[in-house]
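This is input.pdb. It holds PDB, C-alpha atoms.
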ATOM      1  CA  MET A   6      17.413 -25.209 -20.057
ATOM      2  CA  HIS A   7      13.732 -25.860 -19.431
ATOM      3  CA  LEU A   8      13.525 -22.944 -16.951
ATOM      4  CA  PHE A   9      15.332 -20.630 -19.379
ATOM      5  CA  MET A  10      12.870 -21.466 -22.139
ATOM      6  CA  LYS A  11       9.986 -20.858 -19.748
ATOM      7  CA  ILE A  12      11.254 -17.364 -18.987
ATOM      8  CA  VAL A  13      11.766 -16.511 -22.650
ATOM      9  CA  SER A  14       8.257 -17.692 -23.530
ATOM     10  CA  LEU A  15       6.812 -15.286 -20.984
ATOM     11  CA  GLN A  16       8.596 -12.364 -22.641
ATOM     12  CA  LEU A  17       7.138 -12.626 -26.114
ATOM     13  CA  ASN A  18       4.284 -10.133 -25.621
ATOM     14  CA  TYR A  19       6.586  -7.418 -24.280
ATOM     15  CA  PRO A  20       9.051  -5.090 -26.036
ATOM     16  CA  LYS A  21      12.089  -5.882 -23.811
ATOM     17  CA  PRO A  22      13.380  -9.077 -22.195
ATOM     18  CA  MET A  23      11.922  -9.423 -18.733
ATOM     19  CA  CYS A  24      11.533 -12.134 -16.112
ATOM     20  CA  ILE A  25       7.870 -12.701 -15.276
ATOM     21  CA  PHE A  26       6.774 -15.577 -13.081
ATOM     22  CA  TYR A  27       3.289 -16.830 -12.349
ATOM     23  CA  THR A  28       4.112 -19.481  -9.749
ATOM     24  CA  GLN A  29       6.118 -19.333  -6.547
ATOM     25  CA  THR A  30       7.976 -22.539  -7.420
ATOM     26  CA  GLU A  31       9.392 -21.018 -10.600
ATOM     27  CA  LEU A  32      10.254 -17.720  -8.900
ATOM     28  CA  VAL A  33      12.064 -19.367  -5.984
ATOM     29  CA  SER A  34      13.984 -21.645  -8.337
ATOM     30  CA  TYR A  35      15.076 -18.690 -10.445
ATOM     31  CA  LEU A  36      16.105 -16.530  -7.490
ATOM     32  CA  ASN A  37      18.109 -19.426  -6.051
ATOM     33  CA  SER A  38      19.895 -19.841  -9.382
ATOM     34  CA  ILE A  39      21.051 -16.216  -9.699
ATOM     35  CA  SER A  40      21.613 -15.047  -6.114
ATOM     36  CA  ASN A  41      24.329 -15.684  -3.552
ATOM     37  CA  GLN A  42      25.211 -14.611  -0.013
ATOM     38  CA  LYS A  43      26.301 -11.166  -1.211
ATOM     39  CA  THR A  44      23.123 -10.540  -3.201
ATOM     40  CA  THR A  45      20.641  -8.094  -1.711
ATOM     41  CA  ILE A  46      17.031  -8.420  -2.814
ATOM     42  CA  GLY A  47      14.673  -5.451  -2.740
ATOM     43  CA  PHE A  48      10.969  -6.259  -2.783
ATOM     44  CA  VAL A  49       7.988  -4.085  -3.711
ATOM     45  CA  PRO A  50       4.632  -5.794  -3.068
ATOM     46  CA  THR A  51       1.730  -4.285  -5.035
ATOM     47  CA  MET A  52      -1.815  -5.097  -6.075
ATOM     48  CA  GLY A  53      -1.173  -3.733  -9.561
ATOM     49  CA  ALA A  54      -2.856  -0.824 -11.367
ATOM     50  CA  LEU A  55       0.549   0.779 -10.975
ATOM     51  CA  HIS A  56       1.103   4.528 -10.736
ATOM     52  CA  ASP A  57       4.091   6.796 -10.189
ATOM     53  CA  GLY A  58       4.006   6.155  -6.452
ATOM     54  CA  HIS A  59       4.608   2.450  -7.045
ATOM     55  CA  LEU A  60       7.338   3.245  -9.555
ATOM     56  CA  SER A  61       9.085   5.470  -7.014
ATOM     57  CA  LEU A  62       9.246   2.519  -4.612
ATOM     58  CA  MET A  63      10.808   0.433  -7.368
ATOM     59  CA  GLN A  64      13.323   3.192  -8.098
ATOM     60  CA  ASP A  65      14.398   3.238  -4.456
ATOM     61  CA  ALA A  66      14.715  -0.537  -4.511
ATOM     62  CA  LEU A  67      16.805  -0.471  -7.704
ATOM     63  CA  GLN A  68      19.215   2.046  -6.222
ATOM     64  CA  ASN A  69      19.849   0.060  -3.061
ATOM     65  CA  ASN A  70      19.742  -3.628  -4.016
ATOM     66  CA  ASN A  71      21.323  -6.046  -6.475
ATOM     67  CA  LEU A  72      17.979  -7.621  -7.404
ATOM     68  CA  VAL A  73      14.454  -6.203  -7.332
ATOM     69  CA  VAL A  74      11.265  -8.252  -7.249
ATOM     70  CA  VAL A  75       7.832  -6.673  -7.725
ATOM     71  CA  SER A  76       4.714  -8.689  -6.938
ATOM     72  CA  ILE A  77       1.402  -7.932  -8.641
ATOM     73  CA  PHE A  78      -1.361  -9.697  -6.755
ATOM     74  CA  VAL A  79      -4.853  -8.569  -5.768
ATOM     75  CA  ASN A  80      -5.140 -10.234  -2.372
ATOM     76  CA  PRO A  81      -8.726 -11.339  -1.640
ATOM     77  CA  THR A  82      -8.276 -11.838   2.101
ATOM     78  CA  GLN A  83      -7.704  -8.147   2.810
ATOM     79  CA  PHE A  84     -11.013  -7.067   1.257
ATOM     80  CA  ASN A  85     -14.035  -7.041   3.527
ATOM     81  CA  ASN A  86     -16.173  -5.674   0.694
ATOM     82  CA  ALA A  87     -16.839  -8.148  -2.147
ATOM     83  CA  GLU A  88     -17.839  -5.359  -4.544
ATOM     84  CA  ASP A  89     -14.587  -3.495  -3.885
ATOM     85  CA  LEU A  90     -12.612  -6.670  -4.629
ATOM     86  CA  ALA A  91     -14.547  -7.315  -7.834
ATOM     87  CA  LYS A  92     -14.053  -3.755  -9.090
ATOM     88  CA  TYR A  93     -10.401  -3.435  -8.110
ATOM     89  CA  PRO A  94      -8.513  -2.656 -11.358
ATOM     90  CA  ARG A  95      -6.486  -5.506 -12.832
ATOM     91  CA  THR A  96      -4.140  -4.235 -15.541
ATOM     92  CA  LEU A  97      -1.208  -6.643 -15.653
ATOM     93  CA  GLU A  98      -0.147  -5.955 -19.241
ATOM     94  CA  GLU A  99      -0.123  -2.198 -18.698
ATOM     95  CA  ASP A 100       1.645  -2.644 -15.362
ATOM     96  CA  VAL A 101       4.433  -4.644 -16.972
ATOM     97  CA  LYS A 102       4.908  -1.995 -19.655
ATOM     98  CA  LYS A 103       5.270   0.698 -16.975
ATOM     99  CA  ILE A 104       7.839  -1.386 -15.127
ATOM    100  CA  GLN A 105       9.803  -1.929 -18.348
ATOM    101  CA  VAL A 106      10.037   1.807 -18.944
ATOM    102  CA  LEU A 107      11.666   2.093 -15.535
ATOM    103  CA  SER A 108      13.962  -0.929 -15.865
ATOM    104  CA  ASP A 109      14.082  -4.245 -17.690
ATOM    105  CA  LYS A 110      15.998  -5.720 -14.751
ATOM    106  CA  ILE A 111      13.016  -5.957 -12.410
ATOM    107  CA  ILE A 112      11.647  -9.451 -11.750
ATOM    108  CA  VAL A 113       7.836  -9.558 -11.786
ATOM    109  CA  PHE A 114       5.869 -12.066  -9.731
ATOM    110  CA  ALA A 115       2.197 -12.279 -10.743
ATOM    111  CA  PRO A 116       0.769 -15.385  -9.053
ATOM    112  CA  THR A 117      -2.787 -16.650  -9.038
ATOM    113  CA  VAL A 118      -4.903 -16.828  -5.892
ATOM    114  CA  ASP A 119      -4.688 -20.627  -5.994
ATOM    115  CA  ASP A 120      -0.891 -20.559  -6.240
ATOM    116  CA  ILE A 121      -0.666 -18.398  -3.118
ATOM    117  CA  TYR A 122      -3.433 -19.947  -1.026
ATOM    118  CA  LYS A 123      -3.516 -23.518  -2.407
ATOM    119  CA  GLY A 124      -7.303 -23.634  -2.329
ATOM    120  CA  ASN A 125      -7.563 -22.376   1.261
ATOM    121  CA  THR A 126      -8.209 -18.650   0.845
ATOM    122  CA  ILE A 127      -8.433 -17.583   4.466
ATOM    123  CA  SER A 128      -6.397 -15.263   6.660
ATOM    124  CA  GLN A 129      -4.022 -16.180   9.414
ATOM    125  CA  GLN A 130      -4.857 -14.384  12.658
ATOM    126  CA  PHE A 131      -2.317 -11.909  14.017
ATOM    127  CA  ASP A 132      -1.757  -9.832  17.120
ATOM    128  CA  PHE A 133      -0.292  -6.472  16.152
ATOM    129  CA  ASP A 134      -0.392  -5.126  19.718
ATOM    130  CA  GLY A 135      -3.526  -3.110  19.018
ATOM    131  CA  LEU A 136      -2.294  -1.306  15.888
ATOM    132  CA  GLU A 137      -4.867  -3.259  13.893
ATOM    133  CA  ASN A 138      -7.820  -1.995  15.939
ATOM    134  CA  GLN A 139      -7.663   1.657  14.953
ATOM    135  CA  MET A 140      -9.034   3.471  11.885
ATOM    136  CA  GLU A 141      -8.842   1.006   8.979
ATOM    137  CA  GLY A 142      -9.183  -1.880  11.406
ATOM    138  CA  LYS A 143     -12.413  -0.444  12.839
ATOM    139  CA  PHE A 144     -14.048   0.031   9.474
ATOM    140  CA  ARG A 145     -12.600  -2.973   7.628
ATOM    141  CA  PRO A 146     -12.895  -5.998   9.933
ATOM    142  CA  GLY A 147     -10.209  -8.592   9.263
ATOM    143  CA  HIS A 148      -8.352  -6.318   6.864
ATOM    144  CA  PHE A 149      -5.007  -6.411   8.635
ATOM    145  CA  ASP A 150      -5.144 -10.163   9.157
ATOM    146  CA  GLY A 151      -5.405 -10.365   5.371
ATOM    147  CA  VAL A 152      -2.543  -7.912   4.917
ATOM    148  CA  GLY A 153      -0.351  -9.771   7.399
ATOM    149  CA  THR A 154      -1.155 -13.109   5.769
ATOM    150  CA  ILE A 155      -0.158 -12.072   2.256
ATOM    151  CA  VAL A 156       2.868  -9.997   3.211
ATOM    152  CA  LYS A 157       4.233 -12.781   5.421
ATOM    153  CA  ARG A 158       3.656 -15.312   2.634
ATOM    154  CA  LEU A 159       5.359 -13.105   0.046
ATOM    155  CA  PHE A 160       8.319 -12.556   2.367
ATOM    156  CA  GLU A 161       8.652 -16.338   2.708
ATOM    157  CA  ILE A 162       8.639 -16.741  -1.078
ATOM    158  CA  VAL A 163      10.899 -13.830  -2.082
ATOM    159  CA  ASN A 164      13.113 -13.820   1.032
ATOM    160  CA  PRO A 165      14.036 -10.151   0.547
ATOM    161  CA  ASN A 166      16.589  -8.114   2.443
ATOM    162  CA  ASN A 167      14.575  -4.902   2.076
ATOM    163  CA  ALA A 168      10.880  -4.288   1.415
ATOM    164  CA  TYR A 169       9.382  -0.972   0.326
ATOM    165  CA  PHE A 170       5.957   0.429   1.266
ATOM    166  CA  GLY A 171       4.342   3.817   0.661
ATOM    167  CA  GLU A 172       3.433   6.041   3.603
ATOM    168  CA  LYS A 173      -0.056   6.697   2.209
ATOM    169  CA  ASP A 174      -0.973   3.425   3.903
ATOM    170  CA  PHE A 175       0.795   4.505   7.084
ATOM    171  CA  GLN A 176      -1.221   2.257   9.363
ATOM    172  CA  GLN A 177      -0.380  -0.712   7.140
ATOM    173  CA  LEU A 178       3.286   0.285   7.273
ATOM    174  CA  GLN A 179       3.232   0.284  11.077
ATOM    175  CA  VAL A 180       1.391  -3.046  11.177
ATOM    176  CA  ILE A 181       3.956  -4.679   8.887
ATOM    177  CA  LYS A 182       6.837  -3.319  10.941
ATOM    178  CA  LYS A 183       5.183  -4.757  14.043
ATOM    179  CA  MET A 184       4.697  -8.158  12.383
ATOM    180  CA  VAL A 185       8.324  -8.304  11.254
ATOM    181  CA  ALA A 186       9.541  -7.425  14.744
ATOM    182  CA  LYS A 187       7.274  -9.880  16.574
ATOM    183  CA  LEU A 188       7.916 -12.782  14.206
ATOM    184  CA  GLN A 189      11.615 -11.903  13.833
ATOM    185  CA  ILE A 190      11.429 -11.916  10.040
ATOM    186  CA  PRO A 191      14.868 -10.918   8.657
ATOM    187  CA  VAL A 192      13.760  -8.052   6.398
ATOM    188  CA  THR A 193      14.155  -4.295   6.705
ATOM    189  CA  ILE A 194      10.897  -2.390   6.146
ATOM    190  CA  ILE A 195      11.378   0.929   4.393
ATOM    191  CA  GLY A 196       8.612   3.547   4.292
ATOM    192  CA  CYS A 197       8.644   5.914   1.314
ATOM    193  CA  PRO A 198       6.995   9.337   0.855
ATOM    194  CA  ILE A 199       3.493   9.747  -0.569
ATOM    195  CA  PHE A 200       3.343  10.571  -4.277
ATOM    196  CA  ARG A 201       0.584  13.009  -5.206
ATOM    197  CA  GLU A 202      -1.147  14.075  -8.367
ATOM    198  CA  SER A 203      -0.778  17.692  -9.470
ATOM    199  CA  ASN A 204      -3.854  18.712  -7.458
ATOM    200  CA  GLY A 205      -2.547  17.042  -4.292
ATOM    201  CA  LEU A 206      -4.672  13.889  -4.455
ATOM    202  CA  ALA A 207      -2.658  10.973  -3.079
ATOM    203  CA  MET A 208      -1.868   8.544  -5.880
ATOM    204  CA  SER A 209      -3.872   5.347  -5.560
ATOM    205  CA  SER A 210      -4.926   2.513  -7.831
ATOM    206  CA  ARG A 211      -8.519   3.364  -6.893
ATOM    207  CA  ASN A 212      -8.117   6.804  -8.484
ATOM    208  CA  GLU A 213      -8.526   5.054 -11.847
ATOM    209  CA  ARG A 214     -12.184   4.486 -10.979
ATOM    210  CA  LEU A 215     -12.850   8.216 -10.521
ATOM    211  CA  THR A 216     -14.287  10.372 -13.281
ATOM    212  CA  ALA A 217     -12.215  13.339 -14.402
ATOM    213  CA  GLU A 218     -14.531  15.639 -12.432
ATOM    214  CA  GLN A 219     -14.342  13.513  -9.284
ATOM    215  CA  ARG A 220     -10.573  13.375  -9.569
ATOM    216  CA  LYS A 221     -10.468  17.144  -9.766
ATOM    217  CA  ASP A 222     -12.864  17.658  -6.859
ATOM    218  CA  ALA A 223     -10.996  15.129  -4.686
ATOM    219  CA  THR A 224      -8.320  17.744  -4.104
ATOM    220  CA  ILE A 225     -10.506  18.749  -1.137
ATOM    221  CA  ILE A 226      -9.058  15.777   0.771
ATOM    222  CA  PHE A 227      -5.470  17.012   0.690
ATOM    223  CA  GLN A 228      -6.508  20.643   1.116
ATOM    224  CA  THR A 229      -8.360  19.635   4.277
ATOM    225  CA  LEU A 230      -5.312  17.791   5.597
ATOM    226  CA  LEU A 231      -3.130  20.840   4.978
ATOM    227  CA  LYS A 232      -5.608  22.976   6.912
ATOM    228  CA  THR A 233      -5.638  20.330   9.632
ATOM    229  CA  LYS A 234      -1.873  20.614   9.979
ATOM    230  CA  GLU A 235      -2.177  24.378  10.245
ATOM    231  CA  HIS A 236      -5.006  24.241  12.807
ATOM    232  CA  PHE A 237      -3.246  21.571  14.859
ATOM    233  CA  GLN A 238      -0.635  24.132  15.903
ATOM    234  CA  THR A 239      -3.119  26.449  17.614
ATOM    235  CA  LYS A 240      -6.470  24.707  18.082
ATOM    236  CA  THR A 241      -7.707  21.885  20.291
ATOM    237  CA  ILE A 242      -8.173  18.353  18.976
ATOM    238  CA  LYS A 243     -11.946  18.781  19.163
ATOM    239  CA  GLU A 244     -11.810  22.003  17.170
ATOM    240  CA  VAL A 245      -9.740  20.329  14.458
ATOM    241  CA  ASN A 246     -12.099  17.349  14.320
ATOM    242  CA  ASP A 247     -15.127  19.649  14.109
ATOM    243  CA  PHE A 248     -13.492  21.578  11.259
ATOM    244  CA  VAL A 249     -12.985  18.404   9.209
ATOM    245  CA  VAL A 250     -16.511  17.102   9.829
ATOM    246  CA  LYS A 251     -18.014  20.466   8.865
ATOM    247  CA  THR A 252     -15.874  20.654   5.726
ATOM    248  CA  PHE A 253     -17.146  17.344   4.368
ATOM    249  CA  LYS A 254     -20.749  17.983   5.331
ATOM    250  CA  GLN A 255     -20.557  20.825   2.826
ATOM    251  CA  GLN A 256     -19.315  18.495   0.071
ATOM    252  CA  LYS A 257     -22.311  16.720  -1.480
ATOM    253  CA  GLU A 258     -20.239  14.250  -3.505
ATOM    254  CA  PHE A 259     -18.107  13.165  -0.552
ATOM    255  CA  GLU A 260     -18.900  11.061   2.495
ATOM    256  CA  LEU A 261     -16.447  11.191   5.397
ATOM    257  CA  GLU A 262     -15.954   7.718   6.849
ATOM    258  CA  TYR A 263     -13.460   8.726   9.509
ATOM    259  CA  PHE A 264     -10.966  11.371  10.494
ATOM    260  CA  GLN A 265      -8.523  10.778  13.330
ATOM    261  CA  ILE A 266      -5.470  12.439  14.802
ATOM    262  CA  ALA A 267      -3.287   9.726  16.267
ATOM    263  CA  GLU A 268       0.119   9.121  17.757
ATOM    264  CA  GLU A 269       2.425   7.776  15.067
ATOM    265  CA  ALA A 270       3.948   5.073  17.263
ATOM    266  CA  THR A 271       0.777   3.579  18.757
ATOM    267  CA  LEU A 272      -1.897   4.864  16.350
ATOM    268  CA  LEU A 273      -4.014   5.628  19.412
ATOM    269  CA  PRO A 274      -6.268   8.692  19.147
ATOM    270  CA  CYS A 275      -4.721  11.907  20.380
ATOM    271  CA  ARG A 276      -6.676  13.293  23.336
ATOM    272  CA  ARG A 277      -4.206  15.927  24.468
ATOM    273  CA  LYS A 278      -1.148  17.125  22.577
ATOM    274  CA  SER A 279       2.331  16.376  23.922
ATOM    275  CA  LYS A 280       5.527  18.014  22.693
ATOM    276  CA  THR A 281       7.388  14.718  23.041
ATOM    277  CA  LYS A 282       5.168  12.729  20.657
ATOM    278  CA  LYS A 283       4.719  12.645  16.899
ATOM    279  CA  TYR A 284       1.207  12.925  15.515
ATOM    280  CA  ARG A 285      -0.426  12.208  12.202
ATOM    281  CA  ALA A 286      -3.865  12.898  10.741
ATOM    282  CA  PHE A 287      -5.673  10.045   8.982
ATOM    283  CA  ILE A 288      -8.728  10.316   6.764
ATOM    284  CA  ALA A 289     -10.985   8.023   4.721
ATOM    285  CA  VAL A 290     -13.561   9.411   2.308
ATOM    286  CA  PHE A 291     -16.060   7.870  -0.089
ATOM    287  CA  VAL A 292     -16.573   9.381  -3.528
ATOM    288  CA  ASN A 293     -19.481   7.592  -5.245
ATOM    289  CA  ASN A 294     -18.666   4.369  -3.328
ATOM    290  CA  ILE A 295     -14.962   4.679  -4.184
ATOM    291  CA  ARG A 296     -12.953   4.718  -0.984
ATOM    292  CA  LEU A 297      -9.934   7.054  -0.754
ATOM    293  CA  ILE A 298      -7.524   7.374   2.154
ATOM    294  CA  ASP A 299      -4.805   9.889   2.948
ATOM    295  CA  THR A 300      -2.583  10.981   5.804
ATOM    296  CA  ILE A 301      -0.255  13.793   6.805
ATOM    297  CA  SER A 302       2.343  14.283   9.506
ATOM    298  CA  LEU A 303       1.348  17.063  11.907
ATOM    299  CA  ASN A 304       4.719  17.711  13.580
TER
END
Please express the file's structure as structure tokens.
Amino acid sequence: MHLFMKIVSLQLNYPKPMCIFYTQTELVSYLNSISNQKTTIGFVPTMGALHDGHLSLMQDALQNNNLVVVSIFVNPTQFNNAEDLAKYPRTLEEDVKKIQVLSDKIIVFAPTVDDIYKGNTISQQFDFDGLENQMEGKFRPGHFDGVGTIVKRLFEIVNPNNAYFGEKDFQQLQVIKKMVAKLQIPVTIIGCPIFRESNGLAMSSRNERLTAEQRKDATIIFQTLLKTKEHFQTKTIKEVNDFVVKTFKQQKEFELEYFQIAEEATLLPCRRKSKTKKYRAFIAVFVNNIRLIDTISLN
């Protein structure tokens, strides 16, 4: 009865009944009370500031599981830039309203940093067989240790059967798959297609920090990736790289952090094309200190 009253009290600010939990103890207790051996749990971990890409992950989870849990948690250990962490949008009330429009059956987990880390906010160290050393790993030291730490912890709390991640963060997706395989965590990792705005810009919580003009101009990122895919068929890797570098040198508002064509399986840079391997282009760009990433399959 006490737990039931707790859940109801958390619903009062929202238009529909909804289960929202702020501590792992309460969430685990609730999940244990309503699930059984035949229950499948779908899990969508997010850092909030939800957009249609996040909602599409939830839709996939709803269609293929009995229960769906969505976490909203800005994880400090995966930020190597304190300013980026401080400015990351936190919009829990709006996020919950968006989830409710989709379904009032989704369970929301919005813990505090202290509830997750118990006063010891540091990352566990992982070995992802080198996947962590490329691209994002080069430019964001410790980032994937932070990602692995929080995702592993959330898996331990939610104990899902299936977990859903967007392919925009393709390197993260590969890292998580590697972690699950190496640690033998009993969860299926499902990658879902990138959702884009009408101008092609990959949907991201960071897009909310862009001005309307910057958001419009940022279409250059996806346009460049489309050209990259076209050039990849006939040009050398060096020629494609040179094209991308030249393109962004001509864009005063944009600073190219990195561009890399890599093998999908290993994330190692492509030196010479092989017909037996799958390749993907990865890019990171700064727009007025706002960091945007994108990727596209080249095969």
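The gap separating atom CA of Asn70 of chain A from atom CA of Gly47 of chain A is 5.5 Å, in Å to one decimal.
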Using the chain letters and numbers from the file, give me the residues hit by the PyMOL selection byres ((chain A and resi 254-271) around 10), as a PDB file with C-alpha atoms, keeping the file's coordinate frame.
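Ended up saving to part-v4.pdb:
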ATOM      1  CA  ASP A 134      -0.392  -5.126  19.718  1.00  0.00           C
ATOM      2  CA  GLY A 135      -3.526  -3.110  19.018  1.00  0.00           C
ATOM      3  CA  LEU A 136      -2.294  -1.306  15.888  1.00  0.00           C
ATOM      4  CA  GLN A 139      -7.663   1.657  14.953  1.00  0.00           C
ATOM      5  CA  MET A 140      -9.034   3.471  11.885  1.00  0.00           C
ATOM      6  CA  GLU A 141      -8.842   1.006   8.979  1.00  0.00           C
ATOM      7  CA  LYS A 143     -12.413  -0.444  12.839  1.00  0.00           C
ATOM      8  CA  PHE A 144     -14.048   0.031   9.474  1.00  0.00           C
ATOM      9  CA  PHE A 175       0.795   4.505   7.084  1.00  0.00           C
ATOM     10  CA  GLN A 176      -1.221   2.257   9.363  1.00  0.00           C
ATOM     11  CA  GLN A 179       3.232   0.284  11.077  1.00  0.00           C
ATOM     12  CA  GLN A 219     -14.342  13.513  -9.284  1.00  0.00           C
ATOM     13  CA  ASP A 222     -12.864  17.658  -6.859  1.00  0.00           C
ATOM     14  CA  ALA A 223     -10.996  15.129  -4.686  1.00  0.00           C
ATOM     15  CA  ILE A 225     -10.506  18.749  -1.137  1.00  0.00           C
ATOM     16  CA  ILE A 226      -9.058  15.777   0.771  1.00  0.00           C
ATOM     17  CA  LEU A 230      -5.312  17.791   5.597  1.00  0.00           C
ATOM     18  CA  THR A 233      -5.638  20.330   9.632  1.00  0.00           C
ATOM     19  CA  PHE A 237      -3.246  21.571  14.859  1.00  0.00           C
ATOM     20  CA  ILE A 242      -8.173  18.353  18.976  1.00  0.00           C
ATOM     21  CA  VAL A 245      -9.740  20.329  14.458  1.00  0.00           C
ATOM     22  CA  ASN A 246     -12.099  17.349  14.320  1.00  0.00           C
ATOM     23  CA  ASP A 247     -15.127  19.649  14.109  1.00  0.00           C
ATOM     24  CA  VAL A 249     -12.985  18.404   9.209  1.00  0.00           C
ATOM     25  CA  VAL A 250     -16.511  17.102   9.829  1.00  0.00           C
ATOM     26  CA  LYS A 251     -18.014  20.466   8.865  1.00  0.00           C
ATOM     27  CA  THR A 252     -15.874  20.654   5.726  1.00  0.00           C
ATOM     28  CA  PHE A 253     -17.146  17.344   4.368  1.00  0.00           C
ATOM     29  CA  LEU A 272      -1.897   4.864  16.350  1.00  0.00           C
ATOM     30  CA  LEU A 273      -4.014   5.628  19.412  1.00  0.00           C
ATOM     31  CA  PRO A 274      -6.268   8.692  19.147  1.00  0.00           C
ATOM     32  CA  CYS A 275      -4.721  11.907  20.380  1.00  0.00           C
ATOM     33  CA  ARG A 276      -6.676  13.293  23.336  1.00  0.00           C
ATOM     34  CA  LYS A 278      -1.148  17.125  22.577  1.00  0.00           C
ATOM     35  CA  SER A 279       2.331  16.376  23.922  1.00  0.00           C
ATOM     36  CA  LYS A 282       5.168  12.729  20.657  1.00  0.00           C
ATOM     37  CA  LYS A 283       4.719  12.645  16.899  1.00  0.00           C
ATOM     38  CA  TYR A 284       1.207  12.925  15.515  1.00  0.00           C
ATOM     39  CA  ARG A 285      -0.426  12.208  12.202  1.00  0.00           C
ATOM     40  CA  ALA A 286      -3.865  12.898  10.741  1.00  0.00           C
ATOM     41  CA  PHE A 287      -5.673  10.045   8.982  1.00  0.00           C
ATOM     42  CA  ILE A 288      -8.728  10.316   6.764  1.00  0.00           C
ATOM     43  CA  ALA A 289     -10.985   8.023   4.721  1.00  0.00           C
ATOM     44  CA  VAL A 290     -13.561   9.411   2.308  1.00  0.00           C
ATOM     45  CA  PHE A 291     -16.060   7.870  -0.089  1.00  0.00           C
ATOM     46  CA  VAL A 292     -16.573   9.381  -3.528  1.00  0.00           C
ATOM     47  CA  ASN A 293     -19.481   7.592  -5.245  1.00  0.00           C
ATOM     48  CA  ASN A 294     -18.666   4.369  -3.328  1.00  0.00           C
ATOM     49  CA  ILE A 295     -14.962   4.679  -4.184  1.00  0.00           C
ATOM     50  CA  ARG A 296     -12.953   4.718  -0.984  1.00  0.00           C
ATOM     51  CA  LEU A 297      -9.934   7.054  -0.754  1.00  0.00           C
ATOM     52  CA  ILE A 298      -7.524   7.374   2.154  1.00  0.00           C
ATOM     53  CA  ASP A 299      -4.805   9.889   2.948  1.00  0.00           C
ATOM     54  CA  THR A 300      -2.583  10.981   5.804  1.00  0.00           C
ATOM     55  CA  ILE A 301      -0.255  13.793   6.805  1.00  0.00           C
ATOM     56  CA  SER A 302       2.343  14.283   9.506  1.00  0.00           C
ATOM     57  CA  LEU A 303       1.348  17.063  11.907  1.00  0.00           C
TER      58      LEU A 303
END
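With atom CA of Val106 of chain A on one side and atom CA of Val73 of chain A on the other, the separation reads 14.8 Å.
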### Query
Around (-2.2, 12.6, -5.1) in the file's frame, which residues reach within 12 Å when counting all atoms listed in the file? Return as a PyMOL selection string?
chain A and resi 56-58+173+198-213+220-228+297-300
The PyMOL selection byres ((chain A and resi 187) around 12) resolved against shown file, as a ChimeraX atom specification
/A:131-134,153,157,180-186,188-191
Which residues are close to Thr117 of chain A, i.e. within 9 Å by only C-alpha atoms, leaving aside same-chain residues fewer than 2 positions away? Reply as a compact mmCIF listing (two decimals) with C-alpha atoms, in the coordinates of the input.
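Generated output (around.txt):
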# COMPACT_ATOMS: atom_id res chain seq x y z
CA TYR A 27 3.29 -16.83 -12.35
CA THR A 28 4.11 -19.48 -9.75
CA PHE A 78 -1.36 -9.70 -6.76
CA VAL A 79 -4.85 -8.57 -5.77
CA ALA A 115 2.20 -12.28 -10.74
CA ASP A 119 -4.69 -20.63 -5.99
CA ASP A 120 -0.89 -20.56 -6.24
CA ILE A 121 -0.67 -18.40 -3.12
CA TYR A 122 -3.43 -19.95 -1.03
message: Just to confirm, what's the straight-line distance from atom CA of Gln129 of chain A to atom CA of Asn86 of chain A in Å (one decimal)?
response: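 Computing the Euclidean distance for atom CA of Gln129 of chain A and atom CA of Asn86 of chain A yields 18.3 Å.
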Of A:Ile194, A:Ala217, A:Ile127, A:Leu55, the one sitting nearest Val101 of chain A when using only C-alpha atoms is A:Leu55
Protein, DNA and RNA residues within 12 Å of (3.0, -5.9, -2.0), all atoms listed in the file, as a count of residues only
41
